[in-house]
$ cat data_13.pdb   # PDB, C-alpha atoms
MODEL        1
ATOM      1  CA  MET A   1       0.000   0.000   0.000
ATOM      2  CA  ASP A   2       1.494   3.305  -1.121
ATOM      3  CA  VAL A   3       0.178   6.802  -0.485
ATOM      4  CA  ILE A   4       0.783   8.338  -3.897
ATOM      5  CA  VAL A   5      -0.941  11.705  -3.412
ATOM      6  CA  GLU A   6      -1.627  13.839  -0.355
ATOM      7  CA  LYS A   7      -3.066  17.279  -0.931
ATOM      8  CA  LYS A   8      -4.708  20.051   1.072
ATOM      9  CA  ILE A   9      -6.684  22.941  -0.381
ATOM     10  CA  ASN A  10      -8.299  25.892   1.354
ATOM     11  CA  PHE A  11     -11.633  27.218   0.129
ATOM     12  CA  ASN A  12     -13.415  30.016   2.023
ATOM     13  CA  ASN A  13     -11.552  29.213   5.255
ATOM     14  CA  THR A  14     -12.335  25.503   5.001
ATOM     15  CA  ASN A  15      -9.524  23.010   4.481
ATOM     16  CA  ILE A  16     -10.214  19.991   2.289
ATOM     17  CA  TYR A  17      -7.811  17.057   2.520
ATOM     18  CA  PHE A  18      -7.212  14.484  -0.216
ATOM     19  CA  ALA A  19      -5.261  11.225  -0.079
ATOM     20  CA  LEU A  20      -4.941   8.615  -2.819
ATOM     21  CA  ILE A  21      -3.579   5.221  -1.833
ATOM     22  CA  LYS A  22      -2.444   2.655  -4.403
ATOM     23  CA  LEU A  23      -3.258  -0.965  -3.648
ATOM     24  CA  HIS A  24      -2.268  -4.095  -5.578
ATOM     25  CA  LYS A  25      -5.244  -3.888  -7.967
ATOM     26  CA  GLY A  26      -7.087  -0.711  -7.051
ATOM     27  CA  TYR A  27      -7.102   2.510  -5.081
ATOM     28  CA  ILE A  28      -8.478   4.039  -1.903
ATOM     29  CA  LEU A  29      -9.451   7.708  -2.190
ATOM     30  CA  LEU A  30      -9.982   9.771   0.959
ATOM     31  CA  ILE A  31     -11.598  13.226   0.861
ATOM     32  CA  SER A  32     -12.471  15.130   4.017
ATOM     33  CA  ASP A  33     -12.778  18.524   5.639
ATOM     34  CA  ASN A  34     -11.153  17.001   8.734
ATOM     35  CA  GLU A  35      -7.413  16.339   8.816
ATOM     36  CA  LYS A  36      -7.974  12.939  10.458
ATOM     37  CA  PHE A  37     -10.461  11.958   7.731
ATOM     38  CA  GLY A  38     -13.426   9.777   8.769
ATOM     39  CA  LEU A  39     -15.826   7.160   7.430
ATOM     40  CA  GLY A  40     -18.711   9.326   6.164
ATOM     41  CA  SER A  41     -20.034   8.063   2.820
ATOM     42  CA  ILE A  42     -18.288   5.030   1.399
ATOM     43  CA  SER A  43     -18.637   4.199  -2.288
ATOM     44  CA  PHE A  44     -17.085   1.563  -4.501
ATOM     45  CA  SER A  45     -16.697   1.940  -8.254
ATOM     46  CA  THR A  46     -15.300  -0.227 -11.012
ATOM     47  CA  PRO A  47     -14.085   1.040 -14.395
ATOM     48  CA  PRO A  48     -15.955   0.167 -17.601
ATOM     49  CA  LEU A  49     -15.507  -3.475 -18.536
ATOM     50  CA  ASN A  50     -15.236  -2.743 -22.243
ATOM     51  CA  GLU A  51     -13.411   0.372 -23.403
ATOM     52  CA  ALA A  52     -14.819   0.005 -26.932
ATOM     53  CA  THR A  53     -18.429   0.563 -25.811
ATOM     54  CA  LYS A  54     -17.562   3.750 -23.880
ATOM     55  CA  SER A  55     -19.822   2.672 -21.026
ATOM     56  CA  THR A  56     -19.590   4.460 -17.708
ATOM     57  CA  SER A  57     -18.132   3.153 -14.496
ATOM     58  CA  SER A  58     -20.387   1.333 -12.052
ATOM     59  CA  ALA A  59     -20.628   2.855  -8.582
ATOM     60  CA  TYR A  60     -22.226   1.441  -5.443
ATOM     61  CA  GLN A  61     -22.981   3.236  -2.188
ATOM     62  CA  LEU A  62     -21.682   0.937   0.557
ATOM     63  CA  PHE A  63     -22.285   3.057   3.649
ATOM     64  CA  GLY A  64     -23.781   6.401   4.581
ATOM     65  CA  VAL A  65     -26.692   8.410   3.247
ATOM     66  CA  GLU A  66     -25.187  11.895   3.262
ATOM     67  CA  HIS A  67     -23.511  13.011   0.029
ATOM     68  CA  SER A  68     -24.526   9.808  -1.773
ATOM     69  CA  LEU A  69     -24.811  11.448  -5.206
ATOM     70  CA  LEU A  70     -21.519  13.341  -4.822
ATOM     71  CA  SER A  71     -19.828  10.219  -3.492
ATOM     72  CA  LYS A  72     -20.950   8.135  -6.471
ATOM     73  CA  MET A  73     -19.893  10.843  -8.942
ATOM     74  CA  ILE A  74     -16.416  11.085  -7.426
ATOM     75  CA  ALA A  75     -15.951   7.295  -7.260
ATOM     76  CA  GLU A  76     -17.076   6.851 -10.889
ATOM     77  CA  LYS A  77     -14.806   9.649 -12.107
ATOM     78  CA  ALA A  78     -11.818   8.218 -10.220
ATOM     79  CA  SER A  79     -12.265   4.609 -11.370
ATOM     80  CA  TYR A  80     -12.839   5.696 -14.973
ATOM     81  CA  SER A  81      -9.677   7.839 -14.993
ATOM     82  CA  LEU A  82      -7.499   5.374 -13.097
ATOM     83  CA  LYS A  83      -8.872   2.312 -14.939
ATOM     84  CA  GLN A  84      -8.936   0.441 -11.625
ATOM     85  CA  PRO A  85     -11.531  -0.185  -8.881
ATOM     86  CA  VAL A  86     -11.747   2.656  -6.334
ATOM     87  CA  VAL A  87     -13.096   2.749  -2.783
ATOM     88  CA  LEU A  88     -13.973   6.301  -1.756
ATOM     89  CA  PHE A  89     -14.281   7.592   1.804
ATOM     90  CA  LEU A  90     -15.986  11.013   1.674
ATOM     91  CA  PHE A  91     -16.320  12.815   5.015
ATOM     92  CA  LEU A  92     -17.662  16.385   4.990
ATOM     93  CA  LYS A  93     -18.912  18.038   8.179
ATOM     94  CA  GLU A  94     -19.298  21.568   6.738
ATOM     95  CA  ARG A  95     -23.021  21.599   5.898
ATOM     96  CA  GLU A  96     -23.279  25.368   5.259
ATOM     97  CA  LYS A  97     -20.563  25.448   2.588
ATOM     98  CA  GLU A  98     -21.275  22.045   1.066
ATOM     99  CA  LYS A  99     -22.563  23.252  -2.318
ATOM    100  CA  GLU A 100     -19.691  25.719  -2.679
ATOM    101  CA  LEU A 101     -17.124  23.031  -1.864
ATOM    102  CA  VAL A 102     -18.258  20.657  -4.618
ATOM    103  CA  LYS A 103     -16.651  22.657  -7.439
ATOM    104  CA  SER A 104     -13.333  22.916  -5.570
ATOM    105  CA  ILE A 105     -13.404  19.217  -4.734
ATOM    106  CA  MET A 106     -14.071  18.204  -8.348
ATOM    107  CA  THR A 107     -11.413  20.603  -9.704
ATOM    108  CA  THR A 108      -8.784  19.280  -7.298
ATOM    109  CA  LEU A 109      -9.831  15.687  -7.987
ATOM    110  CA  ASN A 110      -9.335  16.269 -11.725
ATOM    111  CA  GLU A 111      -5.841  17.684 -11.052
ATOM    112  CA  ILE A 112      -4.946  14.659  -8.924
ATOM    113  CA  LEU A 113      -6.276  12.171 -11.479
ATOM    114  CA  ASN A 114      -4.440  13.903 -14.333
ATOM    115  CA  GLU A 115      -1.216  13.853 -12.310
ATOM    116  CA  VAL A 116      -1.526  10.151 -11.483
ATOM    117  CA  SER A 117      -2.728   9.042 -14.935
ATOM    118  CA  GLN A 118       0.330  10.486 -16.708
TER     119      GLN A 118
ENDMDL
END
$ encode --input "data_13.pdb" --output "structure tokens"
Amino acid sequence: MDVIVEKKINFNNTNIYFALIKLHKGYILLISDNEKFGLGSISFSTPPLNEATKSTSSAYQLFGVEHSLLSKMIAEKASYSLKQPVVLFLFLKEREKEKELVKSIMTTLNEILNEVSQ
């Protein structure tokens, strides 16, 4: 198990922490507004089985009801880009700024995925 990316961004006085861990045949992605992370919403996604059909990734919500749509979107995006299964732990406590944070989270996620995919 190797931590291949650790990143912290600040958006409107809220820190968001990212960690991407490489496993033997997959990844663990942690995103949180708490430095110690947390369980929160847990999603699992697999990449498309057939690249030729351009199908989307398949995502499953394993735990948690908060942020389920965001969690699935992030997990699908990550597994599609990394071409490996991804388990996502998304833990956000900041309810007031949640909608504003989504754009920053997705932008940073894209940067991380581009960095790792190259």
$ resolve_selection --input "data_13.pdb" --expression "the PyMOL selection byres ((chain A and resi 40) around 7)" --output "MDAnalysis selection string"
chainID A and resid 38:39 41:42 64 89:91
$ atom_distance --input "data_13.pdb" --atom1 "atom CA of Ser117 of chain A" --atom2 "atom CA of Phe18 of chain A"
16.3 Å
$ closest_residue --input "data_13.pdb" --among "A:Lys103, A:Lys72, A:Lys83, A:Lys93" --to "Gly26 of chain A" --atoms "all atoms listed in the file"
A:Lys83
$ resolve_selection --input "data_13.pdb" --expression "the PyMOL selection byres ((chain A and resi 46) around 8)" --output "PDB file with C-alpha atoms, in the coordinates of the input"
ATOM      1  CA  PHE A  44     -17.085   1.563  -4.501  1.00  0.00           C
ATOM      2  CA  SER A  45     -16.697   1.940  -8.254  1.00  0.00           C
ATOM      3  CA  PRO A  47     -14.085   1.040 -14.395  1.00  0.00           C
ATOM      4  CA  PRO A  48     -15.955   0.167 -17.601  1.00  0.00           C
ATOM      5  CA  SER A  57     -18.132   3.153 -14.496  1.00  0.00           C
ATOM      6  CA  SER A  58     -20.387   1.333 -12.052  1.00  0.00           C
ATOM      7  CA  ALA A  59     -20.628   2.855  -8.582  1.00  0.00           C
ATOM      8  CA  GLU A  76     -17.076   6.851 -10.889  1.00  0.00           C
ATOM      9  CA  SER A  79     -12.265   4.609 -11.370  1.00  0.00           C
ATOM     10  CA  TYR A  80     -12.839   5.696 -14.973  1.00  0.00           C
ATOM     11  CA  LYS A  83      -8.872   2.312 -14.939  1.00  0.00           C
ATOM     12  CA  GLN A  84      -8.936   0.441 -11.625  1.00  0.00           C
ATOM     13  CA  PRO A  85     -11.531  -0.185  -8.881  1.00  0.00           C
ATOM     14  CA  VAL A  86     -11.747   2.656  -6.334  1.00  0.00           C
TER      15      VAL A  86
END
$ resolve_selection --input "data_13.pdb" --expression "the PyMOL selection byres ((chain A and resi 102) around 12)" --output "compact mmCIF listing (two decimals) with C-alpha atoms, in the frame of the given file"
# COMPACT_ATOMS: atom_id res chain seq x y z
CA PHE A 11 -11.63 27.22 0.13
CA ILE A 16 -10.21 19.99 2.29
CA ILE A 31 -11.60 13.23 0.86
CA SER A 32 -12.47 15.13 4.02
CA ASP A 33 -12.78 18.52 5.64
CA HIS A 67 -23.51 13.01 0.03
CA LEU A 69 -24.81 11.45 -5.21
CA LEU A 70 -21.52 13.34 -4.82
CA SER A 71 -19.83 10.22 -3.49
CA MET A 73 -19.89 10.84 -8.94
CA ILE A 74 -16.42 11.08 -7.43
CA LEU A 90 -15.99 11.01 1.67
CA LEU A 92 -17.66 16.39 4.99
CA GLU A 94 -19.30 21.57 6.74
CA ARG A 95 -23.02 21.60 5.90
CA LYS A 97 -20.56 25.45 2.59
CA GLU A 98 -21.28 22.04 1.07
CA LYS A 99 -22.56 23.25 -2.32
CA GLU A 100 -19.69 25.72 -2.68
CA LEU A 101 -17.12 23.03 -1.86
CA LYS A 103 -16.65 22.66 -7.44
CA SER A 104 -13.33 22.92 -5.57
CA ILE A 105 -13.40 19.22 -4.73
CA MET A 106 -14.07 18.20 -8.35
CA THR A 107 -11.41 20.60 -9.70
CA THR A 108 -8.78 19.28 -7.30
CA LEU A 109 -9.83 15.69 -7.99
$ atom_distance --input "data_13.pdb" --atom1 "atom CA of Glu35 of chain A" --atom2 "atom CA of Lys7 of chain A"
10.7 Å
$ closest_residue --input "data_13.pdb" --among "A:Leu82, A:Val3, A:Leu62, A:Ala75" --to "Lys25 of chain A" --atoms "all atoms listed in the file"
A:Leu82
$ atom_distance --input "data_13.pdb" --atom1 "atom CA of Ile21 of chain A" --atom2 "atom CA of Lys36 of chain A"
15.2 Å
$ closest_residue --input "data_13.pdb" --among "A:Lys22, A:Gln61, A:Ile9, A:Met1" --to "Glu111 of chain A" --atoms "only C-alpha atoms"
A:Ile9
$ closest_residue --input "data_13.pdb" --among "A:Glu66, A:Lys8, A:Val116, A:Leu49" --to "Ser81 of chain A" --atoms "all atoms listed in the file"
A:Val116
$ axis_aligned_box --input "data_13.pdb" --around "segment 59-78 of chain A" --padding-each-side "3 Å" --output "lines of an AutoDock Vina configuration file"
center_x = -19.3
center_y = 7.1
center_z = -3.8
size_x = 20.9
size_y = 18.4
size_z = 22.7
$ closest_residue --input "data_13.pdb" --among "A:Ile28, A:Leu88, A:Ala19, A:Asn12" --to "Ser43 of chain A" --atoms "only C-alpha atoms"
A:Leu88
